[in-house]
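Beneath this line is the structure, given in structure tokens, with notes to follow.
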Amino acid sequence: MLTAVGPPLTYRGLVMAVYLYWVSTALLSLLYFASAYLYITQQDYVRQAQAELGYSASCLVPFMIVVKVLGPVLILSRFNVALSDLAYAGIFYHLILSGMAHLNVRKPKGAIPAVLGLLFLATSFMTQNDARQLASPYASASSFLQTSVSP
């Protein structure tokens with residue numbers, strides 16, 4: 001039996017939440033796939049840019065290519081909710097650290113993609129339970145519907 005824990009969303013509100021989820025998730029995925037493409041096609045540039053940020057890029061670049069592809073794939077496919085939530089967490093920490101690294105070397109313009117990514121990530125995470133059939137236990141649904149057993 002479905003019981004409302006809070007005020008349920010109207011049909012219009014639910015549709016808006018679903019659109020917000022898919023647009024923010026698509027933009028977050030596009031950001032990560034474009035970054036992975038850049039890492040693959042412009043490896044010398046990426047190594048130089050990461051060296052300027054103070055990172056040893058020799059082992060970091062191949063690892064980041066895998067991470068930047070797998071994170072969005074796990075979120076989009078959602079074949080396992082726990083892995084999807086882990087991808088959200090990993091992307092969150094990556095974006096925080098990326099933004100901080102750019103700010104630390106006094107290049108605030110370099111932190112703009114991280115800030116945009118955090119906005120897309122937060123919107124995607126907070127609306128995922130409205131748009132996807134398998135609910136995440138860590139994101140509350142905007143509709144506040146939960147299943148309960150009647151006594």
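Ligands are numbered from 1 in the order shown, chains are lettered A, B, ... in the order of the structure tokens, and residues start at 1 in each chain.
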**Q.** Shell of 12 Å around Ile112 of chain A, only C-alpha atoms, local chain residues under 3 positions omitted, as a VMD selection string
**A.** chain A and resid 31 95 to 96 98 to 103 107 to 109 115 to 119
Could you give me, as a tab-separated table, every segment 67-140 of chain A residue with an atom at most 8 Å from segment 13-20 of chain A, plus its closest atom pair and distance in Å to one decimal, counting only C-alpha atoms, rows ordered by chain then number?
residue	atom	partner	partner_atom	distance
A:Thr123	CA	A:Leu20	CA	7.0
A:Ser124	CA	A:Leu20	CA	7.2
A:Thr127	CA	A:Ala17	CA	5.9
A:Gln128	CA	A:Val18	CA	7.9
A:Asp130	CA	A:Val18	CA	6.2
A:Ala131	CA	A:Val18	CA	4.7
Q) What does the distance between atom CA of Leu83 of chain A and atom CA of Ser136 of chain A come to in Å, to one decimal place? A)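 Distance between the two atoms: 10.4 Å.
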Segment 105-133 of chain A residues near segment 45-68 of chain A within 12 Å, closest pair each, using only C-alpha atoms, as a tab-separated table:
residue	atom	partner	partner_atom	distance
A:Val105	CA	A:Leu53	CA	6.5
A:Arg106	CA	A:Leu53	CA	9.8
A:Lys107	CA	A:Leu53	CA	9.5
A:Gly110	CA	A:Ala49	CA	10.4
A:Ala111	CA	A:Leu53	CA	11.8
Q: From a DSSP calculation on the backbone, collect every residue of chain A in helix (DSSP H, G or I) and output the set as a count of residues only.
A: 110
Q) Got a sec: who's within 12 Å of Pro137 of chain A, counting only C-alpha atoms, leaving out chain neighbours fewer than 3 positions off, as a ChimeraX atom specification? A) /A:81-82,84-85,125-126,128-129,134,140-141,146
**Q.** Backbone DSSP call of strand (DSSP E or B) for chain A, listed as a list of chain:residue names
**A.** A:Leu2, A:Thr3, A:Ala4, A:Leu145, A:Gln146, A:Thr147
Next, the residues of the selection above should be written as a PDB file, in the first residue's frame with C-alpha atoms.
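Output file selection05.pdb follows:
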ATOM      1  CA  LEU A   2       1.316   3.462  -0.867  1.00  0.00           C
ATOM      2  CA  THR A   3       1.027   6.113   1.803  1.00  0.00           C
ATOM      3  CA  ALA A   4       2.012   9.727   1.549  1.00  0.00           C
ATOM      4  CA  LEU A 145       5.728   8.123  -1.381  1.00  0.00           C
ATOM      5  CA  GLN A 146       6.854   5.056   0.498  1.00  0.00           C
ATOM      6  CA  THR A 147       5.587   1.531   0.686  1.00  0.00           C
TER       7      THR A 147
END
**Q.** Selected residue of minimal separation from Arg132 of chain A among A:Ser77, A:Asn104, A:Thr41, A:Ser24, counting only C-alpha atoms
**A.**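 Under the stated criterion, the closest residue is A:Ser77.
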Q) With only C-alpha atoms as the basis for distance, which of A:Ala87, A:Val23, A:Val69, A:Ile75 is at the shortest distance from Ser35 of chain A? A) A:Val69
